[in-house]
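Contents: one structure, followed by commentary.
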Amino acid sequence: MKKLLIRYAYFLKNSKRYQRCKSFFYNLLENQHSKNKSYFDFFMIFFVTLSVFFIIYDMDNELSIASHFFEATVIIVFVIEYLLRAWIYSDSHQLIIDYHEKSQYLNTPFKLHEVLKIILAKKLSYIFSITAIIDLLAIFPSFRAVWFLRIFLIFRLFKLFRYSTSVKLFAGVLNSRRFELFTLVGFVGFLVFIASIAMYLFEHKAPNSQIKSLFDTFYWAVVTISTVGYGDITPQTVGGRFVAMTLILSGLGVLSFFASIIVAAFTEQMHILRENRTYSELRLYKNFVIICGFGRVGQEIAWQLQKDKQRFIVIDNSLENIHLAKRHGFLAIHDDASRNRVLLNAGINRGASTVVCTTGDDVANVYVTLSSRYLNPTIRIISRVNHHNNAKKMEQAGADHIIQPFQIAGLLAAEYVGQPVAVEAILGILQERKHILMDTLVVYEGSILEGKSILEIGFEQRKLSLVGIISTNELHQKHRNRYHVKHQHFYFNPEKHFICRKNDILLVLGREMSIEYFREQIEKSRPKTRGAW
Amino acid sequence: MKNVVIFGYNRLAVEAMNRLDTDLYQILVVEFDEKLAAKAIAEGFDCKIIDFRNDDELRAIGIGTTVDVAFCFFSHDADNVFLTISARALDKNLTIIAVMENHDAGEKLIAAGANKIINPYEICGRKIHELIKKPDMTNILDHTVFGRYDLNMAEIAIPVGSYLQDSYVCNLNLNEQFNLILIGIVDKELGEDLHFSINEKQHKLDVGDILVVMGPANEIQDFKKQIANSSHN
């Protein structure tokens, strides 16, 4: 029996199907970052609200078959949900394995009842959790035979809280200030207690007094301190009125204190909430860029990326820069990009394709580059270096591309002196300011380009100029005009008989529509079995 | 040989000087800060200390007479604007290239008479954007056209009497004859815009048109020589 249980536990641990199934339900019910959970929550809010309306409607009307059927569905859904939550709450097979390994290590006997106790304790901790109790009680109103169970309808409404993030948010804010709130509750309780006793002593025996018991004074004290004051019980004696005045003034103080606690907690939590919102928006994106530093360089990149409709997120530790980014509707996080947590939250390992380090401080850029490379060995990192002495360090830190603003600007200034027209022309083309673009086209396997010579492709008929071919293919190395750049070769102005091989990259010059039309033709000619590039 | 004066000794000035061919350009650095001037001299540059606010001192270094190009590379926008206005007043034909620090200084420098404004931050931002958008292309061009290889961009104006005068773009065949790629043509009659060669096959070349080409430096030289020779004949 014991052996069977242990074997079964290991089987479950190694079963991919079981793990997949459990992870699916975890994502559906508990994982805050899962899309399925949002759909499920939305469905459940609708479902619970509908069930409540049905019950209220049925209180005054005849029960129809449809409502019977609906109630049965409600019970089934709620029970299944309750059981699934109990299932995903803990991994019982893991508890068995842990216990088994521990007993083997310590050379102690494997006691079945001990394991079952551990499993039961874990499951009981779920059963007695507030949310589970609410879930259970929310099922009861569907049993119409016992009318008083209808009161549990209130728990079904509480159940709505489970699916609403704003209520969780409010609960979180209250929880963060529990010390202040407990202090306030203690103070209020003390005041109410004193006021109730004093009121009772003054008013109990007074003529025309509405106070009959200590509970009446307690009720009066709560109504008064909250500044509601129904006026159903009023003090008749001078002493009683003094107590009332003191309590009203204290009530004002208590309310203001309570409001200030809540406001302060919300203000404090607001930036965290906003950041969480940013992160959850980011989770929907793929291939986005992380811009570390929103100074002049970072801003320029952001404008350009926005024009391309390329997603990006800005991280900066200057509040001013973050406000500026947000004013323009960019996703932005006010934090220190050199912290691993910040980069991880920004999605360096989940969807980001490029990290750009653009601060004006080389030390910060090196640090962020190093952190990014450490967190993701394959991500593309482009870093700015302000002082040329630091370029080597940046390379060592793991940057793929190093940009030196003054070097590029100096080059441009010097080139402009000799040939202003050429400089403006190439800048216009590269920055896509003109209608002429320079762009790359990939020779996919099986596409119309593979195995064709430059002459056969006929660039002129396509109203394009071929500037050169970028390739890693060694077969091309016999050709002229070969420039070695990193791991690639660039063949400038290749001869007419140059044969394009798969994964070669053609650098072409032409109007945007000519390039796009040609790109479409290449895409269409690719074998369908392969995914889009 | 052209005379170039660089106002302001800083990182940008050094980078620009490194890129200027000393066989073609006579370079003078001008500073008003004595420490920076001493540093420039110590690093082997020809440097003078003058007060750029004084027109006589500007004239003394050749502004208005011998200087062809002025780089206004001071670190404050106000200094560069003042210098640009002064230099433009002294010489209407001087090429003035000015650097801007703050975004709104660009318009002021243009109004002051600068020919070209350099915004290092914008250039850097755009370069990073190019790297994100077209990484292969940018990488190759940075290492070849803008890098250590001899692949260059060049502009060639068509002189009077050259063999290209009145010829059609479609007959140029620069990629076969000279191993050059024709990027485009600037037709002075049509304005300063660059026209793309492929779309302008029937375009007739006139005197003063500028061909923008890309290719190895020696091929560019050969092409220039051929044009020059044909115009002399």
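A note on labels: chains of the structure tokens are A, B, ... as shown, every chain counts residues from 1, and ligands are counted from 1 in their shown order.
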
What lies within 9 Å of segment 91-96 of chain A using only C-alpha atoms, ignoring chain neighbours under 3 positions off, as a VMD selection string? chain A and resid 5 to 6 8 to 13 87 to 88 99 to 101 115 to 116 118 to 119 122 to 123

Neighbours of Leu58 of chain B within 12 Å (only C-alpha atoms; same-chain residues fewer than 2 positions away dropped), as an mmCIF file with all heavy atoms, in the first residue's frame?
data_model
loop_
_atom_site.group_PDB
_atom_site.id
_atom_site.type_symbol
_atom_site.label_atom_id
_atom_site.label_comp_id
_atom_site.auth_asym_id
_atom_site.auth_seq_id
_atom_site.Cartn_x
_atom_site.Cartn_y
_atom_site.Cartn_z
ATOM 1 N N VAL B 5 38.212 76.304 -39.088
ATOM 2 C CA VAL B 5 38.435 76.766 -37.707
ATOM 3 C C VAL B 5 37.424 76.076 -36.806
ATOM 4 O O VAL B 5 36.228 76.054 -37.117
ATOM 5 C CB VAL B 5 38.271 78.306 -37.589
ATOM 6 C CG1 VAL B 5 38.436 78.753 -36.145
ATOM 7 C CG2 VAL B 5 39.284 79.003 -38.462
ATOM 8 N N PHE B 7 35.838 76.176 -33.210
ATOM 9 C CA PHE B 7 35.679 76.953 -31.968
ATOM 10 C C PHE B 7 35.241 76.007 -30.858
ATOM 11 O O PHE B 7 34.179 75.388 -30.966
ATOM 12 C CB PHE B 7 34.628 78.053 -32.162
ATOM 13 C CG PHE B 7 35.053 79.142 -33.104
ATOM 14 C CD1 PHE B 7 34.782 79.060 -34.464
ATOM 15 C CD2 PHE B 7 35.731 80.256 -32.626
ATOM 16 C CE1 PHE B 7 35.166 80.058 -35.337
ATOM 17 C CE2 PHE B 7 36.126 81.255 -33.496
ATOM 18 C CZ PHE B 7 35.850 81.169 -34.850
ATOM 19 N N VAL B 30 40.192 77.102 -31.844
ATOM 20 C CA VAL B 30 40.105 78.389 -31.140
ATOM 21 C C VAL B 30 39.397 78.167 -29.810
ATOM 22 O O VAL B 30 38.339 77.540 -29.760
ATOM 23 C CB VAL B 30 39.329 79.419 -31.998
ATOM 24 C CG1 VAL B 30 39.028 80.666 -31.186
ATOM 25 C CG2 VAL B 30 40.112 79.765 -33.246
ATOM 26 N N GLU B 31 40.009 78.673 -28.763
ATOM 27 C CA GLU B 31 39.428 78.521 -27.423
ATOM 28 C C GLU B 31 39.522 79.856 -26.690
ATOM 29 O O GLU B 31 40.376 80.675 -27.004
ATOM 30 C CB GLU B 31 40.207 77.458 -26.634
ATOM 31 C CG GLU B 31 39.474 76.163 -26.380
ATOM 32 C CD GLU B 31 38.162 76.296 -25.653
ATOM 33 O OE1 GLU B 31 37.904 77.320 -24.988
ATOM 34 O OE2 GLU B 31 37.345 75.361 -25.761
ATOM 35 N N LYS B 48 44.584 78.632 -30.864
ATOM 36 C CA LYS B 48 44.749 80.044 -30.506
ATOM 37 C C LYS B 48 43.731 80.428 -29.459
ATOM 38 O O LYS B 48 42.610 79.916 -29.467
ATOM 39 C CB LYS B 48 44.545 80.920 -31.744
ATOM 40 C CG LYS B 48 45.790 81.022 -32.610
ATOM 41 C CD LYS B 48 45.606 82.050 -33.671
ATOM 42 C CE LYS B 48 46.870 82.087 -34.519
ATOM 43 N NZ LYS B 48 46.686 82.864 -35.725
ATOM 44 N N ILE B 49 44.161 81.362 -28.568
ATOM 45 C CA ILE B 49 43.213 81.840 -27.564
ATOM 46 C C ILE B 49 42.715 83.207 -28.031
ATOM 47 O O ILE B 49 43.511 84.139 -28.169
ATOM 48 C CB ILE B 49 43.886 81.988 -26.184
ATOM 49 C CG1 ILE B 49 44.461 80.630 -25.767
ATOM 50 C CG2 ILE B 49 42.909 82.500 -25.144
ATOM 51 C CD1 ILE B 49 45.334 80.681 -24.536
ATOM 52 N N ILE B 50 41.427 83.283 -28.302
ATOM 53 C CA ILE B 50 40.872 84.591 -28.665
ATOM 54 C C ILE B 50 39.533 84.780 -27.967
ATOM 55 O O ILE B 50 38.928 83.826 -27.492
ATOM 56 C CB ILE B 50 40.674 84.762 -30.198
ATOM 57 C CG1 ILE B 50 39.543 83.849 -30.723
ATOM 58 C CG2 ILE B 50 41.941 84.579 -30.982
ATOM 59 C CD1 ILE B 50 38.966 84.343 -32.042
ATOM 60 N N ASP B 51 39.083 86.039 -27.926
ATOM 61 C CA ASP B 51 37.759 86.325 -27.408
ATOM 62 C C ASP B 51 36.824 86.379 -28.608
ATOM 63 O O ASP B 51 36.894 87.320 -29.414
ATOM 64 C CB ASP B 51 37.781 87.666 -26.659
ATOM 65 C CG ASP B 51 36.422 88.001 -26.073
ATOM 66 O OD1 ASP B 51 35.500 87.166 -26.224
ATOM 67 O OD2 ASP B 51 36.273 89.089 -25.505
ATOM 68 N N PHE B 52 35.981 85.360 -28.757
ATOM 69 C CA PHE B 52 35.149 85.265 -29.973
ATOM 70 C C PHE B 52 34.119 86.387 -30.070
ATOM 71 O O PHE B 52 33.503 86.591 -31.097
ATOM 72 C CB PHE B 52 34.468 83.885 -30.035
ATOM 73 C CG PHE B 52 33.420 83.671 -28.973
ATOM 74 C CD1 PHE B 52 32.096 83.988 -29.214
ATOM 75 C CD2 PHE B 52 33.764 83.157 -27.726
ATOM 76 C CE1 PHE B 52 31.133 83.806 -28.241
ATOM 77 C CE2 PHE B 52 32.813 82.979 -26.750
ATOM 78 C CZ PHE B 52 31.484 83.297 -27.006
ATOM 79 N N ARG B 53 33.925 87.131 -28.962
ATOM 80 C CA ARG B 53 32.948 88.225 -28.984
ATOM 81 C C ARG B 53 33.498 89.471 -29.690
ATOM 82 O O ARG B 53 32.765 90.397 -29.960
ATOM 83 C CB ARG B 53 32.532 88.572 -27.542
ATOM 84 C CG ARG B 53 31.603 87.530 -26.953
ATOM 85 C CD ARG B 53 31.576 87.575 -25.473
ATOM 86 N NE ARG B 53 32.849 87.096 -24.896
ATOM 87 C CZ ARG B 53 32.977 86.610 -23.690
ATOM 88 N NH1 ARG B 53 31.926 86.552 -22.906
ATOM 89 N NH2 ARG B 53 34.138 86.194 -23.234
ATOM 90 N N ASN B 54 34.784 89.431 -29.938
ATOM 91 C CA ASN B 54 35.418 90.584 -30.572
ATOM 92 C C ASN B 54 35.634 90.293 -32.068
ATOM 93 O O ASN B 54 36.386 89.402 -32.443
ATOM 94 C CB ASN B 54 36.773 90.818 -29.868
ATOM 95 C CG ASN B 54 37.441 92.084 -30.342
ATOM 96 O OD1 ASN B 54 37.164 92.554 -31.450
ATOM 97 N ND2 ASN B 54 38.310 92.623 -29.512
ATOM 98 N N ASP B 55 34.954 91.080 -32.914
ATOM 99 C CA ASP B 55 35.024 90.842 -34.369
ATOM 100 C C ASP B 55 36.441 90.983 -34.911
ATOM 101 O O ASP B 55 36.829 90.267 -35.842
ATOM 102 C CB ASP B 55 34.097 91.808 -35.117
ATOM 103 C CG ASP B 55 32.647 91.352 -35.040
ATOM 104 O OD1 ASP B 55 32.410 90.301 -34.404
ATOM 105 O OD2 ASP B 55 31.767 92.038 -35.586
ATOM 106 N N ASP B 56 37.190 91.896 -34.337
ATOM 107 C CA ASP B 56 38.568 92.106 -34.825
ATOM 108 C C ASP B 56 39.402 90.845 -34.618
ATOM 109 O O ASP B 56 40.211 90.476 -35.475
ATOM 110 C CB ASP B 56 39.226 93.276 -34.082
ATOM 111 C CG ASP B 56 38.563 94.584 -34.481
ATOM 112 O OD1 ASP B 56 38.009 94.620 -35.608
ATOM 113 O OD2 ASP B 56 38.579 95.540 -33.682
ATOM 114 N N ALA B 60 41.136 88.515 -37.353
ATOM 115 C CA ALA B 60 42.572 88.226 -37.248
ATOM 116 C C ALA B 60 42.886 86.751 -37.530
ATOM 117 O O ALA B 60 43.950 86.425 -38.046
ATOM 118 C CB ALA B 60 43.074 88.609 -35.851
ATOM 119 N N ILE B 61 41.937 85.871 -37.187
ATOM 120 C CA ILE B 61 42.216 84.446 -37.467
ATOM 121 C C ILE B 61 41.759 84.058 -38.876
ATOM 122 O O ILE B 61 41.865 82.899 -39.276
ATOM 123 C CB ILE B 61 41.593 83.501 -36.413
ATOM 124 C CG1 ILE B 61 40.067 83.713 -36.326
ATOM 125 C CG2 ILE B 61 42.244 83.647 -35.058
ATOM 126 C CD1 ILE B 61 39.337 82.570 -35.664
ATOM 127 N N GLY B 62 41.189 85.013 -39.603
ATOM 128 C CA GLY B 62 40.874 84.752 -41.019
ATOM 129 C C GLY B 62 39.401 84.642 -41.354
ATOM 130 O O GLY B 62 39.060 84.328 -42.498
ATOM 131 N N ILE B 63 38.516 84.874 -40.363
ATOM 132 C CA ILE B 63 37.080 84.840 -40.674
ATOM 133 C C ILE B 63 36.783 86.024 -41.606
ATOM 134 O O ILE B 63 37.168 87.155 -41.327
ATOM 135 C CB ILE B 63 36.223 84.937 -39.382
ATOM 136 C CG1 ILE B 63 36.539 83.813 -38.414
ATOM 137 C CG2 ILE B 63 34.731 85.024 -39.710
ATOM 138 C CD1 ILE B 63 35.898 82.489 -38.661
ATOM 139 N N GLY B 64 36.148 85.750 -42.690
ATOM 140 C CA GLY B 64 35.852 86.818 -43.665
ATOM 141 C C GLY B 64 36.893 86.895 -44.765
ATOM 142 O O GLY B 64 36.684 87.542 -45.792
ATOM 143 N N THR B 65 38.013 86.218 -44.572
ATOM 144 C CA THR B 65 39.057 86.245 -45.613
ATOM 145 C C THR B 65 39.480 84.824 -46.002
ATOM 146 O O THR B 65 39.018 84.300 -47.007
ATOM 147 C CB THR B 65 40.279 87.054 -45.123
ATOM 148 O OG1 THR B 65 40.635 86.589 -43.814
ATOM 149 C CG2 THR B 65 39.983 88.551 -45.093
ATOM 150 N N THR B 66 40.295 84.217 -45.176
ATOM 151 C CA THR B 66 40.872 82.916 -45.581
ATOM 152 C C THR B 66 40.097 81.688 -45.107
ATOM 153 O O THR B 66 40.230 80.609 -45.687
ATOM 154 C CB THR B 66 42.311 82.791 -45.034
ATOM 155 O OG1 THR B 66 42.259 83.019 -43.632
ATOM 156 C CG2 THR B 66 43.234 83.776 -45.707
ATOM 157 N N VAL B 67 39.290 81.841 -44.059
ATOM 158 C CA VAL B 67 38.614 80.653 -43.495
ATOM 159 C C VAL B 67 37.424 80.236 -44.363
ATOM 160 O O VAL B 67 36.612 81.076 -44.769
ATOM 161 C CB VAL B 67 38.156 80.934 -42.040
ATOM 162 C CG1 VAL B 67 37.315 79.774 -41.492
ATOM 163 C CG2 VAL B 67 39.356 81.171 -41.154
ATOM 164 N N ALA B 70 33.681 77.023 -40.544
ATOM 165 C CA ALA B 70 33.787 77.253 -39.091
ATOM 166 C C ALA B 70 32.893 76.264 -38.360
ATOM 167 O O ALA B 70 31.725 76.108 -38.704
ATOM 168 C CB ALA B 70 33.368 78.682 -38.760
ATOM 169 N N LEU B 83 28.447 83.499 -31.797
ATOM 170 C CA LEU B 83 29.567 83.282 -32.721
ATOM 171 C C LEU B 83 29.063 83.138 -34.159
ATOM 172 O O LEU B 83 29.638 83.701 -35.101
ATOM 173 C CB LEU B 83 30.328 82.020 -32.294
ATOM 174 C CG LEU B 83 31.473 81.563 -33.187
ATOM 175 C CD1 LEU B 83 32.554 82.625 -33.274
ATOM 176 C CD2 LEU B 83 32.075 80.261 -32.672
ATOM 177 N N THR B 84 27.953 82.416 -34.324
ATOM 178 C CA THR B 84 27.386 82.214 -35.666
ATOM 179 C C THR B 84 26.967 83.560 -36.270
ATOM 180 O O THR B 84 27.275 83.851 -37.434
ATOM 181 C CB THR B 84 26.171 81.253 -35.587
ATOM 182 O OG1 THR B 84 26.586 80.059 -34.962
ATOM 183 C CG2 THR B 84 25.625 80.947 -36.962
ATOM 184 N N ILE B 85 26.296 84.377 -35.466
ATOM 185 C CA ILE B 85 25.867 85.702 -35.962
ATOM 186 C C ILE B 85 27.089 86.534 -36.362
ATOM 187 O O ILE B 85 27.130 87.133 -37.451
ATOM 188 C CB ILE B 85 25.021 86.442 -34.893
ATOM 189 C CG1 ILE B 85 23.651 85.782 -34.803
ATOM 190 C CG2 ILE B 85 24.892 87.927 -35.228
ATOM 191 C CD1 ILE B 85 22.697 86.439 -33.845
ATOM 192 N N SER B 86 28.102 86.543 -35.510
ATOM 193 C CA SER B 86 29.311 87.345 -35.777
ATOM 194 C C SER B 86 29.989 86.860 -37.055
ATOM 195 O O SER B 86 30.345 87.652 -37.935
ATOM 196 C CB SER B 86 30.312 87.245 -34.624
ATOM 197 O OG SER B 86 29.671 87.483 -33.425
ATOM 198 N N ALA B 87 30.161 85.531 -37.171
ATOM 199 C CA ALA B 87 30.874 84.973 -38.320
ATOM 200 C C ALA B 87 30.091 85.193 -39.614
ATOM 201 O O ALA B 87 30.656 85.527 -40.653
ATOM 202 C CB ALA B 87 31.112 83.478 -38.097
ATOM 203 N N ARG B 88 28.769 85.030 -39.533
ATOM 204 C CA ARG B 88 27.941 85.220 -40.730
ATOM 205 C C ARG B 88 27.997 86.680 -41.193
ATOM 206 O O ARG B 88 28.019 86.958 -42.391
ATOM 207 C CB ARG B 88 26.504 84.781 -40.429
ATOM 208 C CG ARG B 88 25.524 84.895 -41.556
ATOM 209 C CD ARG B 88 25.933 84.139 -42.826
ATOM 210 N NE ARG B 88 25.834 82.695 -42.687
ATOM 211 C CZ ARG B 88 26.743 81.859 -43.191
ATOM 212 N NH1 ARG B 88 27.833 82.308 -43.824
ATOM 213 N NH2 ARG B 88 26.612 80.562 -43.056
ATOM 214 N N ALA B 89 28.046 87.600 -40.227
ATOM 215 C CA ALA B 89 28.127 89.027 -40.584
ATOM 216 C C ALA B 89 29.448 89.334 -41.290
ATOM 217 O O ALA B 89 29.511 90.177 -42.194
ATOM 218 C CB ALA B 89 27.978 89.871 -39.324
ATOM 219 N N LEU B 90 30.497 88.604 -40.903
ATOM 220 C CA LEU B 90 31.816 88.866 -41.497
ATOM 221 C C LEU B 90 31.979 88.182 -42.856
ATOM 222 O O LEU B 90 32.743 88.645 -43.696
ATOM 223 C CB LEU B 90 32.924 88.370 -40.543
ATOM 224 C CG LEU B 90 33.066 89.134 -39.224
ATOM 225 C CD1 LEU B 90 34.075 88.443 -38.319
ATOM 226 C CD2 LEU B 90 33.489 90.570 -39.464
ATOM 227 N N ASP B 91 31.294 87.045 -43.037
ATOM 228 C CA ASP B 91 31.467 86.300 -44.287
ATOM 229 C C ASP B 91 30.161 85.606 -44.676
ATOM 230 O O ASP B 91 29.701 84.699 -43.986
ATOM 231 C CB ASP B 91 32.588 85.248 -44.094
ATOM 232 C CG ASP B 91 32.956 84.561 -45.395
ATOM 233 O OD1 ASP B 91 32.216 84.741 -46.390
ATOM 234 O OD2 ASP B 91 33.980 83.847 -45.413
#

Please build the interface table for chain B against chain A with a cut-off of 6 Å, listing for each qualifying residue the nearest atom pair and the distance in Å to one decimal; count only C-alpha atoms, order rows by chain and increasing number, and write it as CSV.
residue,atom,partner,partner_atom,distance
B:Leu12,CA,A:Phe406,CA,4.9
B:Glu15,CA,A:Gly410,CA,4.8
B:Ala16,CA,A:Gly410,CA,4.0
B:Arg19,CA,A:Ala414,CA,5.9
B:Leu20,CA,A:Ala414,CA,5.7
B:Pro120,CA,A:Ala409,CA,5.2
B:Tyr121,CA,A:Val297,CA,4.9
B:Glu122,CA,A:Glu300,CA,5.9
B:Cys124,CA,A:Pro405,CA,5.0
B:Gly125,CA,A:Val297,CA,4.6
B:His129,CA,A:Ile301,CA,5.6
B:Ala154,CA,A:Ala422,CA,5.9
B:Glu155,CA,A:Ala422,CA,5.4
B:Ile198,CA,A:Lys463,CA,5.8
B:Val212,CA,A:Ala422,CA,5.6

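Those residues of segment 209-413 of chain A that DSSP, working from the backbone, places in strand (DSSP E or B) are Phe288, Val289, Ile290, Ile291, Cys292, Phe312, Ile313, Val314, Ile315, Asp316, Leu331, Ala332, Ile333, His334, Ala352, Ser353, Thr354, Val355, Val356, Cys357, Arg380, Ile381, Ile382, Ser383, Arg384, His401, Ile402 and Ile403 of chain A.
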
Nearest to Cys72 of chain B: which of B:Glu101, B:Glu219, B:Glu130, B:Asp187 is it, counting only C-alpha atoms?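 Using only C-alpha atoms, Cys72 of chain B sits closest to B:Glu101.
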
| Got a sec: who's within 7 Å of segment 326-334 of chain A, counting only C-alpha atoms, leaving out chain neighbours fewer than 5 positions off, as a ChimeraX atom specification? | /A:275,278,313-319
